[in-house]
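Colleague: This is the structure, below, for whatever I ask next.
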Amino acid sequence: MQKIRVPLTNFQFGEVSPSLISRTDTAIYVASAQRVENLFLRSEGGVIKRAGLRKIYNYSDITYDSSKVHQSRLLPFIFSDDERYIISLEHQKIRVFLIDPNDGSVSLVDTVTLDVDSAALPFTNEYLHEYTYTQAADVMFICHPLFMPRQIIRTSLETFSVATYAFDFKSDNTKIYQPYYNFQDSDIRLSASAINGAGVTLTTTQPYFDTTGSQVGGSYPNSFHIGIILRYHDSEIQIISVQSTTSATANIISILEAKLDLNALEVTDGTATVRATYVDHGFKVGDAFTMSSAGGIGGISANNINGNFTVSNIYSENEFGYVCSGTANDNEIGGGRPEITTKAPTTDWYEQSFSALRGYPSAVTFHENRLAFAGTLSQPDSIWLSRAGRYYNFDVGDGSDTDSIHLTASIGDINQIRHLVSSRDLHIFSNSSELYVPAFQNDPIKPTNAQVKRQTSYGCEFQKPQILDGGTIFVQKGNRILREFLFTDTENAYTSTSITSLSPHLIKVPIEMSTLNGAIDRSESYVFSVNIDGTIAVFNSNRAEKRAGWTEFTSQGFFASSVSISDRVFANLVFDLGDETYKIVLCEFDSDFNTDMASVYSGSSGVFDVSADFNDGAIVDVISGSNYVGKYTVSGGEVDVSTVSPNLDLAEIGYEFDVTLKTNPIDSQLANGPVTGSYRAISSAILDLYNTASVSVNETNLVLRNVTDDLSEDITPFSGKKEFRLLGYGRDPQITISQSSPLPLQINGLIAELIV
């Protein structure tokens, strides 16, 4: 027999797929493990037990429903460094938790169930996981295709309100600065019975208006077109009723007029006829109109060019003529920038983009001092960016640098945009592709240079993408793969590389993601991907050192939502409180705790009242300082440890969680080849531990107490190397490190002695 010492000093690739069990030839094999549960990967290569979950708040008014993806979704709201909040988004409700700027405590400060107009909030359990959001200063924007964007507004340190997003108006209220689109076929014309006023009849040349429901009194009261704004040339019309698919009644908000192109008029010497260029004018001979704002031309004064006239000639679909009240003394083209008032049938008309009929934005973000929306039901591949610095104004104007921008990602596929992410460029994630709007080195995005470029074609799910280590992490369509959208200089393009190829088994239909950048006493950065089965897949990446790996967090309850607020991480968990009564509980990862749903309780003579948190029958773990007291069953609302610790009056009580590090089968290369598959044994394992109070190796416990110790004193955690003697032969010998007590644990590495 031969003894071989095999070092396992690095777990940087975390938990890898069982399918890699035979890849002993790769560097990944010796720097990973078969199971890494409830452990953080350290930048130095070792692992450390995750923090316990300190109980903060019990959602006592929510009856847990396992059929819902979310019943409380946690969102971050950071107003400033010392004014930070957790938003709990719920069914027709939000709860606001304040992180106290002085002592860091978390408390519920506001609950909102109605908006500022006393209307019910539109949030529903069915779609909570699909909502997208962004925040600037004291306003958070929430988006979904089924409702107009909502604003969660911080009104004071401890009060919030909810309001419907509203576009800016022109000062005279004749124009709403919102996006418009021509949803109709290009040959459908719209005409009006008058140029202004209320109760004006609108007529289309082909069916257009929505006639949902039954006709009542000559109208369709349930038509989704009621209340919608149409733009006729540059004028706005609001529909007040619908009579048929081709007829509706409306109020004219601003008189029906249009601007002609620059110098659109032409006169001929010796005549009074003015020839006007007006694209798709829709006129016929005899139609009345009003010309205004035209300048004098060919010797005819402006007063004679402007006024009320009728059409005398139709030269083409883009040119018509009228007889003015003066005679030209020269041939000339000019007239400045005239305007024409008309109600003639035209194809130059549009409908507001955001409505119950057309849908609302799916995605939202801020980018280069513009508010960006994207992806309605009727315009799934459209992106709208507000005017620079004016987040409620989407007027495209004349295309100047600060005007609003409207882009369409026309790539030939059905492209429902689901997310916008502001990074070095504006990243666009749709159900079928990954795209971006490029930034320019010394030039911001503006109407004249904005463009959409397609990069990869994997598609994205509803989980909000997260920025980590220079890349954007997103869930690929199908909910089984996470990818990193990253710009590479070698290809001069974005790539979407899988970051789960080594650990696909840990991705179990993610429902949300959050990013942690150095917190919970850790300097590393992580992505938390909450799975629908209640586990969290935790990704750690360090691009500079070319290492990345996954671990899994589990609990006796299951994770329902998580959020990071600066350097702190919070999570909603669902726990059985003891009698199959399931409750959602807000907790925080806290390195001062070693159990979940934990609190420090004050008691007397070893008896603790836990009735506020646990029901009878709950089996909980009790910790005193660094000593594990044991497991106890709640009875009569109390935990009684008096038979073991009669003088105990302060203790941590919560649920223990499993901690497991199971190595890949210990392998080695001999002169005659690898020992893979042959019978071999691990005779011993030497663990390099730090600040560890409980550890077991293949069910052999670390002994930290001697019979001569004072058992009333706290255990002193161990740092250093400990050897564990092991038994047993097999074809795939492994080392399983776990705990018999919920106490601190950190493993820097280990050496296995292999007998072959």
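Going by the structure tokens order, chains are called A, B, ..., each with residues numbered from 1, while ligands are numbered from 1 in the order shown.
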Name the residues of range 204-311 of chain A that come out as helix (DSSP H, G or I) in a backbone DSSP run; write them as an mmCIF file with N, CA and C atoms, in the first residue's frame.
Modeller:
data_model
loop_
_atom_site.group_PDB
_atom_site.id
_atom_site.type_symbol
_atom_site.label_atom_id
_atom_site.label_comp_id
_atom_site.auth_asym_id
_atom_site.auth_seq_id
_atom_site.Cartn_x
_atom_site.Cartn_y
_atom_site.Cartn_z
ATOM 1 N N ALA A 302 -47.977 89.007 -46.904
ATOM 2 C CA ALA A 302 -48.376 87.938 -45.994
ATOM 3 C C ALA A 302 -49.859 87.997 -45.688
ATOM 4 N N ASN A 303 -50.407 89.218 -45.596
ATOM 5 C CA ASN A 303 -51.835 89.345 -45.299
ATOM 6 C C ASN A 303 -52.696 88.702 -46.368
ATOM 7 N N ASN A 304 -52.233 88.763 -47.630
ATOM 8 C CA ASN A 304 -53.005 88.184 -48.734
ATOM 9 C C ASN A 304 -52.764 86.681 -48.900
ATOM 10 N N ILE A 305 -51.607 86.210 -48.437
ATOM 11 C CA ILE A 305 -51.306 84.774 -48.508
ATOM 12 C C ILE A 305 -52.066 84.019 -47.422
#
Colleague: Give me the residues within 9 Å of range 368-382 of chain A as a PyMOL selection string, counting only C-alpha atoms and dropping any in the same chain fewer than 2 places off.
Modeller: chain A and resi 143-146+181+183+353-354+357-366+384-392+404+406-410+414-420+422+428+430+444-445
Colleague: Can you pull out every residue within 6 Å of Val139 in chain A, counting only C-alpha atoms, but drop anything in the same chain fewer than 3 positions away, and send it as JSON, numbers by chain?
Modeller: {"A": [135, 136, 152, 153]}
Colleague: Please produce a file of those selected residues containing N, CA, C and O atoms, as a PDB file, in the first residue's frame.
Modeller:
ATOM      1  N   GLN A 135     -34.977  53.754  -9.556  1.00  0.00           N
ATOM      2  CA  GLN A 135     -35.148  54.812  -8.559  1.00  0.00           C
ATOM      3  C   GLN A 135     -34.194  55.957  -8.829  1.00  0.00           C
ATOM      4  O   GLN A 135     -33.052  55.753  -9.243  1.00  0.00           O
ATOM      5  N   ALA A 136     -34.662  57.173  -8.576  1.00  0.00           N
ATOM      6  CA  ALA A 136     -33.829  58.370  -8.600  1.00  0.00           C
ATOM      7  C   ALA A 136     -34.299  59.283  -7.483  1.00  0.00           C
ATOM      8  O   ALA A 136     -35.495  59.593  -7.385  1.00  0.00           O
ATOM      9  N   ILE A 152     -43.501  55.330  -6.401  1.00  0.00           N
ATOM     10  CA  ILE A 152     -43.456  55.270  -4.944  1.00  0.00           C
ATOM     11  C   ILE A 152     -42.613  56.458  -4.497  1.00  0.00           C
ATOM     12  O   ILE A 152     -41.428  56.548  -4.822  1.00  0.00           O
ATOM     13  N   ILE A 153     -43.241  57.382  -3.777  1.00  0.00           N
ATOM     14  CA  ILE A 153     -42.621  58.672  -3.493  1.00  0.00           C
ATOM     15  C   ILE A 153     -42.349  58.809  -1.996  1.00  0.00           C
ATOM     16  O   ILE A 153     -43.251  58.627  -1.164  1.00  0.00           O
TER      17      ILE A 153
END
Colleague: May I ask which of the residues A:Glu236, A:Glu37, A:Asp401, A:Asp25 is the closest one to Thr736 in chain A, counting only C-alpha atoms?
Modeller: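 The closest residue to Thr736 in chain A is A:Glu37.
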Colleague: Quick one: residues within 9 Å of Thr273 in chain A, only C-alpha atoms counted, chain neighbours fewer than 6 positions away excluded, as a PyMOL selection string?
Modeller: chain A and resi 266-267+312+321-324+326-328
Colleague: Could you please take those selected residues and save all heavy atoms as a tab-separated table (two decimals), in the first residue's frame?
Modeller:
chain	number	residue	atom	x	y	z
A	266	GLU	N	-45.51	78.18	-53.61
A	266	GLU	CA	-44.95	78.63	-54.89
A	266	GLU	C	-45.98	79.48	-55.62
A	266	GLU	O	-47.16	79.12	-55.66
A	266	GLU	CB	-44.57	77.42	-55.75
A	266	GLU	CG	-43.99	77.79	-57.10
A	266	GLU	CD	-43.63	76.57	-57.95
A	266	GLU	OE1	-43.84	75.42	-57.48
A	266	GLU	OE2	-43.15	76.77	-59.09
A	267	VAL	N	-45.55	80.62	-56.16
A	267	VAL	CA	-46.44	81.48	-56.94
A	267	VAL	C	-45.83	81.72	-58.32
A	267	VAL	O	-44.62	81.59	-58.52
A	267	VAL	CB	-46.68	82.82	-56.23
A	267	VAL	CG1	-47.43	82.60	-54.92
A	267	VAL	CG2	-45.38	83.57	-55.99
A	312	SER	N	-58.71	75.09	-54.75
A	312	SER	CA	-59.13	75.32	-56.15
A	312	SER	C	-58.55	74.28	-57.11
A	312	SER	O	-59.13	74.03	-58.17
A	312	SER	CB	-58.70	76.72	-56.61
A	312	SER	OG	-57.28	76.85	-56.53
A	321	GLY	N	-53.71	73.65	-54.76
A	321	GLY	CA	-53.65	75.08	-55.03
A	321	GLY	C	-54.85	75.81	-54.48
A	321	GLY	O	-55.92	75.22	-54.28
A	322	TYR	N	-54.67	77.11	-54.21
A	322	TYR	CA	-55.78	77.96	-53.79
A	322	TYR	C	-55.52	79.36	-54.33
A	322	TYR	O	-54.38	79.73	-54.68
A	322	TYR	CB	-55.92	77.99	-52.27
A	322	TYR	CG	-54.81	78.67	-51.51
A	322	TYR	CD1	-54.92	80.03	-51.15
A	322	TYR	CD2	-53.66	77.98	-51.13
A	322	TYR	CE1	-53.91	80.65	-50.44
A	322	TYR	CE2	-52.65	78.60	-50.43
A	322	TYR	CZ	-52.77	79.94	-50.07
A	322	TYR	OH	-51.77	80.56	-49.38
A	323	VAL	N	-56.61	80.13	-54.46
A	323	VAL	CA	-56.52	81.49	-54.99
A	323	VAL	C	-56.50	82.45	-53.82
A	323	VAL	O	-57.43	82.49	-53.00
A	323	VAL	CB	-57.71	81.80	-55.91
A	323	VAL	CG1	-57.63	83.25	-56.41
A	323	VAL	CG2	-57.72	80.82	-57.10
A	324	CYS	N	-55.39	83.21	-53.71
A	324	CYS	CA	-55.26	84.17	-52.61
A	324	CYS	C	-55.84	85.52	-53.04
A	324	CYS	O	-56.37	85.66	-54.15
A	324	CYS	CB	-53.80	84.31	-52.19
A	324	CYS	SG	-52.75	85.11	-53.41
A	326	GLY	N	-54.25	88.34	-53.64
A	326	GLY	CA	-53.24	89.21	-54.26
A	326	GLY	C	-52.72	88.55	-55.52
A	326	GLY	O	-53.02	87.40	-55.83
A	327	THR	N	-51.95	89.31	-56.31
A	327	THR	CA	-51.39	88.80	-57.56
A	327	THR	C	-49.87	88.88	-57.51
A	327	THR	O	-49.30	89.92	-57.12
A	327	THR	CB	-51.90	89.60	-58.76
A	327	THR	OG1	-53.34	89.54	-58.79
A	327	THR	CG2	-51.36	89.03	-60.07
A	328	ALA	N	-49.21	87.82	-57.93
A	328	ALA	CA	-47.75	87.77	-57.90
A	328	ALA	C	-47.16	88.60	-59.03
A	328	ALA	O	-47.72	88.67	-60.12
A	328	ALA	CB	-47.28	86.32	-57.99
Colleague: Residues at most 6 Å from range 566-576 of chain A, counting only C-alpha atoms, excluding those fewer than 6 positions away in the same chain, as a list in words?
Modeller: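 Near range 566-576 of chain A, the qualifying residues are Ala519, Gly557, Phe558, Phe559, Ala560, Tyr582, Lys583, Ile584, Val585, Leu586, Cys587, Glu588 and Phe589 of chain A.
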